>>> print(open('input-v1.cif').read())   # mmCIF, N, CA and C atoms and all ligand atoms
data_protein
loop_
_atom_site.label_atom_id
_atom_site.label_comp_id
_atom_site.auth_asym_id
_atom_site.auth_seq_id
_atom_site.Cartn_x
_atom_site.Cartn_y
_atom_site.Cartn_z
N MET A 1 4.40 -20.12 -89.28
CA MET A 1 4.50 -21.06 -88.18
C MET A 1 5.78 -21.87 -88.32
N LYS A 2 6.49 -22.03 -87.23
CA LYS A 2 7.68 -22.88 -87.24
C LYS A 2 7.26 -24.34 -87.34
N ALA A 3 8.11 -25.16 -87.92
CA ALA A 3 7.85 -26.60 -87.97
C ALA A 3 9.08 -27.32 -87.44
N TYR A 4 8.85 -28.27 -86.53
CA TYR A 4 9.95 -29.08 -85.99
C TYR A 4 9.81 -30.49 -86.52
N ARG A 5 10.87 -31.01 -87.10
CA ARG A 5 10.85 -32.42 -87.46
C ARG A 5 11.99 -33.16 -86.79
N HIS A 6 12.94 -32.42 -86.22
CA HIS A 6 14.08 -33.07 -85.57
C HIS A 6 13.79 -33.28 -84.10
N HIS A 7 14.19 -34.43 -83.61
CA HIS A 7 14.06 -34.69 -82.19
C HIS A 7 15.36 -35.33 -81.72
N ASN A 8 15.37 -35.78 -80.47
CA ASN A 8 16.65 -36.11 -79.83
C ASN A 8 17.03 -37.58 -79.91
N CYS A 9 16.39 -38.34 -80.75
CA CYS A 9 16.77 -39.74 -80.87
C CYS A 9 16.44 -40.21 -82.29
N SER A 10 16.72 -41.47 -82.58
CA SER A 10 16.49 -41.97 -83.93
C SER A 10 15.27 -42.89 -83.98
N ARG A 11 14.50 -42.94 -82.90
CA ARG A 11 13.33 -43.81 -82.91
C ARG A 11 12.17 -43.16 -83.68
N THR A 12 11.23 -43.99 -84.05
CA THR A 12 9.99 -43.48 -84.64
C THR A 12 8.95 -43.43 -83.54
N HIS A 13 8.47 -42.23 -83.25
CA HIS A 13 7.46 -42.09 -82.19
C HIS A 13 6.08 -42.23 -82.80
N ARG A 14 5.28 -43.11 -82.20
CA ARG A 14 3.98 -43.38 -82.79
C ARG A 14 2.95 -42.33 -82.43
N THR A 15 3.13 -41.65 -81.33
CA THR A 15 2.15 -40.64 -80.93
C THR A 15 2.81 -39.26 -80.92
N TRP A 16 1.97 -38.24 -81.09
CA TRP A 16 2.47 -36.86 -81.04
C TRP A 16 3.00 -36.55 -79.65
N THR A 17 2.35 -37.13 -78.65
CA THR A 17 2.80 -36.88 -77.27
C THR A 17 4.23 -37.39 -77.08
N ALA A 18 4.51 -38.60 -77.59
CA ALA A 18 5.85 -39.16 -77.44
C ALA A 18 6.88 -38.33 -78.20
N LEU A 19 6.51 -37.87 -79.40
CA LEU A 19 7.44 -37.03 -80.17
C LEU A 19 7.69 -35.72 -79.43
N ALA A 20 6.63 -35.11 -78.91
CA ALA A 20 6.80 -33.84 -78.19
C ALA A 20 7.66 -34.01 -76.94
N LYS A 21 7.50 -35.14 -76.25
CA LYS A 21 8.32 -35.38 -75.06
C LYS A 21 9.78 -35.53 -75.43
N CYS A 22 10.04 -36.07 -76.62
CA CYS A 22 11.42 -36.23 -77.08
C CYS A 22 12.00 -34.86 -77.48
N ILE A 23 11.17 -34.00 -78.08
CA ILE A 23 11.65 -32.68 -78.51
C ILE A 23 11.89 -31.78 -77.30
N TRP A 24 10.96 -31.87 -76.32
CA TRP A 24 11.06 -31.02 -75.13
C TRP A 24 11.18 -31.89 -73.88
N PRO A 25 12.34 -32.54 -73.69
CA PRO A 25 12.45 -33.51 -72.58
C PRO A 25 12.34 -32.85 -71.21
N ARG A 26 12.57 -31.55 -71.12
CA ARG A 26 12.52 -30.89 -69.82
C ARG A 26 11.22 -30.11 -69.61
N ALA A 27 10.22 -30.36 -70.43
CA ALA A 27 8.95 -29.64 -70.28
C ALA A 27 8.36 -29.89 -68.89
N LEU A 28 7.88 -28.82 -68.28
CA LEU A 28 7.27 -28.96 -66.95
C LEU A 28 5.98 -29.74 -67.06
N TRP A 29 5.22 -29.45 -68.09
CA TRP A 29 4.06 -30.29 -68.38
C TRP A 29 3.78 -30.28 -69.86
N LEU A 30 3.05 -31.29 -70.27
CA LEU A 30 2.75 -31.48 -71.68
C LEU A 30 1.34 -32.07 -71.72
N HIS A 31 0.41 -31.28 -72.24
CA HIS A 31 -1.00 -31.68 -72.23
C HIS A 31 -1.52 -31.85 -73.65
N GLY A 32 -2.61 -32.59 -73.80
CA GLY A 32 -3.29 -32.71 -75.07
C GLY A 32 -2.61 -33.69 -76.00
N ASN A 33 -3.09 -33.71 -77.26
CA ASN A 33 -2.50 -34.59 -78.26
C ASN A 33 -2.77 -33.97 -79.63
N GLY A 34 -1.85 -34.17 -80.57
CA GLY A 34 -2.03 -33.63 -81.90
C GLY A 34 -0.73 -33.03 -82.41
N PRO A 35 -0.69 -32.65 -83.69
CA PRO A 35 0.55 -32.20 -84.31
C PRO A 35 0.86 -30.71 -84.16
N TYR A 36 0.00 -29.96 -83.48
CA TYR A 36 0.26 -28.53 -83.32
C TYR A 36 0.52 -28.22 -81.86
N ALA A 37 1.67 -27.64 -81.59
CA ALA A 37 2.08 -27.40 -80.21
C ALA A 37 2.07 -25.91 -79.91
N SER A 38 1.38 -25.54 -78.84
CA SER A 38 1.46 -24.18 -78.32
C SER A 38 2.47 -24.23 -77.17
N VAL A 39 3.63 -23.58 -77.40
CA VAL A 39 4.77 -23.73 -76.49
C VAL A 39 5.02 -22.41 -75.77
N ALA A 40 5.19 -22.49 -74.46
CA ALA A 40 5.56 -21.31 -73.66
C ALA A 40 6.92 -21.56 -73.04
N ARG A 41 7.84 -20.61 -73.27
CA ARG A 41 9.18 -20.73 -72.69
C ARG A 41 9.42 -19.52 -71.80
N CYS A 42 8.75 -19.50 -70.69
CA CYS A 42 8.88 -18.36 -69.79
C CYS A 42 9.61 -18.77 -68.53
N GLY A 43 9.51 -17.92 -67.50
CA GLY A 43 10.35 -18.07 -66.31
C GLY A 43 10.41 -19.44 -65.69
N ARG A 44 9.28 -20.12 -65.56
CA ARG A 44 9.30 -21.36 -64.80
C ARG A 44 9.85 -22.52 -65.61
N GLY A 45 9.92 -22.37 -66.92
CA GLY A 45 10.36 -23.47 -67.77
C GLY A 45 9.42 -23.61 -68.94
N THR A 46 9.62 -24.65 -69.71
CA THR A 46 8.83 -24.85 -70.93
C THR A 46 7.56 -25.63 -70.62
N THR A 47 6.44 -25.15 -71.16
CA THR A 47 5.20 -25.91 -71.08
C THR A 47 4.67 -26.08 -72.49
N VAL A 48 4.04 -27.21 -72.75
CA VAL A 48 3.60 -27.56 -74.09
C VAL A 48 2.15 -28.03 -74.06
N GLN A 49 1.33 -27.40 -74.91
CA GLN A 49 -0.06 -27.84 -75.09
C GLN A 49 -0.21 -28.30 -76.53
N LEU A 50 -0.54 -29.57 -76.73
CA LEU A 50 -0.72 -30.10 -78.09
C LEU A 50 -2.18 -29.99 -78.51
N SER A 51 -2.40 -29.68 -79.80
CA SER A 51 -3.75 -29.56 -80.34
C SER A 51 -3.85 -30.31 -81.65
N GLU A 52 -5.08 -30.69 -81.99
CA GLU A 52 -5.32 -31.41 -83.25
C GLU A 52 -5.25 -30.50 -84.45
N THR A 53 -5.60 -29.23 -84.28
CA THR A 53 -5.63 -28.30 -85.42
C THR A 53 -4.81 -27.05 -85.11
N ALA A 54 -4.38 -26.39 -86.20
CA ALA A 54 -3.60 -25.15 -86.05
C ALA A 54 -4.44 -24.08 -85.35
N ASN A 55 -5.74 -24.04 -85.66
CA ASN A 55 -6.60 -23.03 -85.04
C ASN A 55 -6.67 -23.23 -83.53
N ASP A 56 -6.82 -24.48 -83.09
CA ASP A 56 -6.87 -24.74 -81.65
C ASP A 56 -5.56 -24.33 -80.98
N ALA A 57 -4.44 -24.60 -81.65
CA ALA A 57 -3.14 -24.24 -81.07
C ALA A 57 -3.01 -22.72 -80.97
N ARG A 58 -3.51 -22.00 -82.01
CA ARG A 58 -3.45 -20.54 -81.96
C ARG A 58 -4.33 -19.99 -80.84
N ASP A 59 -5.51 -20.62 -80.67
CA ASP A 59 -6.39 -20.20 -79.57
C ASP A 59 -5.69 -20.38 -78.23
N ALA A 60 -5.02 -21.52 -78.08
CA ALA A 60 -4.33 -21.80 -76.82
C ALA A 60 -3.23 -20.76 -76.58
N LYS A 61 -2.52 -20.41 -77.65
CA LYS A 61 -1.45 -19.41 -77.52
C LYS A 61 -2.04 -18.03 -77.19
N GLU A 62 -3.14 -17.68 -77.86
CA GLU A 62 -3.76 -16.37 -77.58
C GLU A 62 -4.21 -16.28 -76.13
N LEU A 63 -4.71 -17.40 -75.60
CA LEU A 63 -5.16 -17.41 -74.22
C LEU A 63 -3.99 -17.10 -73.28
N VAL A 64 -2.84 -17.76 -73.48
CA VAL A 64 -1.71 -17.47 -72.59
C VAL A 64 -1.10 -16.10 -72.91
N ASP A 65 -1.21 -15.65 -74.17
CA ASP A 65 -0.76 -14.29 -74.47
C ASP A 65 -1.56 -13.28 -73.66
N ASN A 66 -2.87 -13.53 -73.55
CA ASN A 66 -3.75 -12.57 -72.87
C ASN A 66 -3.67 -12.68 -71.35
N THR A 67 -3.56 -13.90 -70.85
CA THR A 67 -3.67 -14.09 -69.41
C THR A 67 -2.31 -14.32 -68.75
N GLY A 68 -1.29 -14.66 -69.54
CA GLY A 68 -0.01 -15.01 -68.97
C GLY A 68 0.00 -16.48 -68.59
N CYS A 69 1.18 -17.07 -68.59
CA CYS A 69 1.27 -18.51 -68.34
C CYS A 69 1.72 -18.79 -66.93
N GLY A 70 1.93 -17.75 -66.15
CA GLY A 70 2.38 -17.96 -64.79
C GLY A 70 2.97 -16.68 -64.24
N GLY A 71 3.52 -16.74 -63.04
CA GLY A 71 4.01 -15.55 -62.35
C GLY A 71 5.14 -14.86 -63.07
N LEU A 72 5.94 -15.62 -63.82
CA LEU A 72 7.12 -15.04 -64.45
C LEU A 72 6.96 -14.96 -65.96
N CYS A 73 5.72 -14.74 -66.42
CA CYS A 73 5.47 -14.78 -67.86
C CYS A 73 6.22 -13.67 -68.58
N GLN A 74 6.93 -14.04 -69.63
CA GLN A 74 7.66 -13.08 -70.46
C GLN A 74 7.12 -13.05 -71.88
N ARG A 75 5.92 -13.58 -72.06
CA ARG A 75 5.26 -13.61 -73.37
C ARG A 75 6.13 -14.29 -74.42
N ARG A 76 6.84 -15.34 -74.00
CA ARG A 76 7.62 -16.10 -74.98
C ARG A 76 6.81 -17.34 -75.36
N HIS A 77 5.79 -17.09 -76.15
CA HIS A 77 4.88 -18.17 -76.55
C HIS A 77 4.91 -18.30 -78.06
N GLU A 78 4.81 -19.54 -78.55
CA GLU A 78 4.73 -19.71 -80.00
C GLU A 78 4.02 -21.01 -80.34
N VAL A 79 3.52 -21.05 -81.57
CA VAL A 79 2.88 -22.25 -82.09
C VAL A 79 3.85 -22.94 -83.04
N ILE A 80 4.05 -24.21 -82.81
CA ILE A 80 5.00 -24.99 -83.62
C ILE A 80 4.29 -26.24 -84.16
N GLN A 81 4.46 -26.45 -85.45
CA GLN A 81 3.89 -27.66 -86.05
C GLN A 81 4.90 -28.80 -85.96
N LEU A 82 4.45 -29.94 -85.47
CA LEU A 82 5.32 -31.12 -85.39
C LEU A 82 5.13 -31.96 -86.65
N ILE A 83 6.25 -32.41 -87.19
CA ILE A 83 6.21 -33.24 -88.39
C ILE A 83 6.93 -34.54 -88.08
N LYS A 84 6.23 -35.65 -88.27
CA LYS A 84 6.87 -36.94 -88.01
C LYS A 84 7.87 -37.23 -89.11
N PRO A 85 9.08 -37.64 -88.74
CA PRO A 85 10.13 -37.89 -89.74
C PRO A 85 9.74 -39.05 -90.68
ZN ZN A 101 12.85 -39.00 -80.52
ZN ZN A 102 4.45 -16.85 -70.68
#
>>> encode(input="input-v1.cif", output="structure tokens", more="lines below")
Ligand SMILES: [Zn+2]
Ligand SMILES: [Zn+2]
Amino acid sequence: MKAYRHHNCSRTHRTWTALAKCIWPRALWLHGNGPYASVARCGRGTTVQLSETANDARDAKELVDNTGCGGLCQRRHEVIQLIKP
């Protein structure tokens, strides 16, 4: 699993949602909360689903792997662990 600890500013983000918004400022949507992100980077843009556990994030990724994330799905989905600096 990839881990991201770098984001686009020097502030300390108190919530995972705020950190994820800083990492993916152009995300079309960002749902959930937690340190594990299921990220889709397909045709329409980046979408991010945050989960409390790695298993939940993998389940979320498997769901979009199986069903597609939208009309232009290119199966560019991955699970990324967020680490607060
Ligand atoms: Zn930041
Ligand atoms: Zn997709």
>>> residues_near_ligand(input="input-v1.cif", ligand="ligand ZN 101 (chain A)", cutoff="7 Å", atoms="only C-alpha atoms and all ligand atoms", output="NGL selection string")
:A and (7-13 or 19 or 22-23)
>>> axis_aligned_box(input="input-v1.cif", around="range 37-43 of chain A", padding_each_side="5 Å", output="lines of an AutoDock Vina configuration file")
center_x = 5.9
center_y = -22.8
center_z = -73.6
size_x = 19.0
size_y = 19.7
size_z = 25.9
>>> residues_around(input="input-v1.cif", residues="Ala60 in chain A", least_positions_apart="6", cutoff="8 Å", atoms="only N, CA and C atoms", output="PyMOL selection string")
chain A and resi 38-39+49+54+66
>>> residues_near_ligand(input="input-v1.cif", ligand="ligand ZN 102 (chain A)", cutoff="7 Å", atoms="all atoms listed in the file", output="compact mmCIF listing (two decimals) with N, CA and C atoms, in the frame of the given file")
# COMPACT_ATOMS: atom_id res chain seq x y z
N ALA A 40 5.19 -22.49 -74.46
CA ALA A 40 5.56 -21.31 -73.66
C ALA A 40 6.92 -21.56 -73.04
N ARG A 41 7.84 -20.61 -73.27
CA ARG A 41 9.18 -20.73 -72.69
C ARG A 41 9.42 -19.52 -71.80
N CYS A 42 8.75 -19.50 -70.69
CA CYS A 42 8.88 -18.36 -69.79
C CYS A 42 9.61 -18.77 -68.53
N GLY A 43 9.51 -17.92 -67.50
CA GLY A 43 10.35 -18.07 -66.31
C GLY A 43 10.41 -19.44 -65.69
N VAL A 64 -2.84 -17.76 -73.48
CA VAL A 64 -1.71 -17.47 -72.59
C VAL A 64 -1.10 -16.10 -72.91
N ASP A 65 -1.21 -15.65 -74.17
CA ASP A 65 -0.76 -14.29 -74.47
C ASP A 65 -1.56 -13.28 -73.66
N GLY A 68 -1.29 -14.66 -69.54
CA GLY A 68 -0.01 -15.01 -68.97
C GLY A 68 0.00 -16.48 -68.59
N CYS A 69 1.18 -17.07 -68.59
CA CYS A 69 1.27 -18.51 -68.34
C CYS A 69 1.72 -18.79 -66.93
N GLY A 70 1.93 -17.75 -66.15
CA GLY A 70 2.38 -17.96 -64.79
C GLY A 70 2.97 -16.68 -64.24
N LEU A 72 5.94 -15.62 -63.82
CA LEU A 72 7.12 -15.04 -64.45
C LEU A 72 6.96 -14.96 -65.96
N CYS A 73 5.72 -14.74 -66.42
CA CYS A 73 5.47 -14.78 -67.86
C CYS A 73 6.22 -13.67 -68.58
N GLN A 74 6.93 -14.04 -69.63
CA GLN A 74 7.66 -13.08 -70.46
C GLN A 74 7.12 -13.05 -71.88
N ARG A 75 5.92 -13.58 -72.06
CA ARG A 75 5.26 -13.61 -73.37
C ARG A 75 6.13 -14.29 -74.42
N ARG A 76 6.84 -15.34 -74.00
CA ARG A 76 7.62 -16.10 -74.98
C ARG A 76 6.81 -17.34 -75.36
N HIS A 77 5.79 -17.09 -76.15
CA HIS A 77 4.88 -18.17 -76.55
C HIS A 77 4.91 -18.30 -78.06
>>> atom_distance(input="input-v1.cif", atom1="CA of Thr47 in chain A", atom2="atom C of Ala27 in chain A")
5.5 Å
>>> atom_distance(input="input-v1.cif", atom1="atom C of Ala20 in chain A", atom2="atom N of Glu78 in chain A")
14.8 Å
>>> atom_distance(input="input-v1.cif", atom1="CA of Met1 in chain A", atom2="atom C of Lys84 in chain A")
16.5 Å
>>> closest_residue(input="input-v1.cif", among="A:Arg14, A:Ala37, A:Gln81, A:Arg44", to="Lys61 in chain A", atoms="only N, CA and C atoms")
A:Ala37
>>> select_by_dssp(input="input-v1.cif", residues="chain A", states="helix (DSSP H, G or I)", output="PyMOL selection string")
chain A and resi 16-23+54-67
>>> residues_near_point(input="input-v1.cif", point="(-3.0, -32.3, -71.9)", cutoff="7 Å", atoms="only C-alpha atoms", output="list in words")
Leu30, His31, Gly32, Asn33, Gln49 and Leu50 of chain A
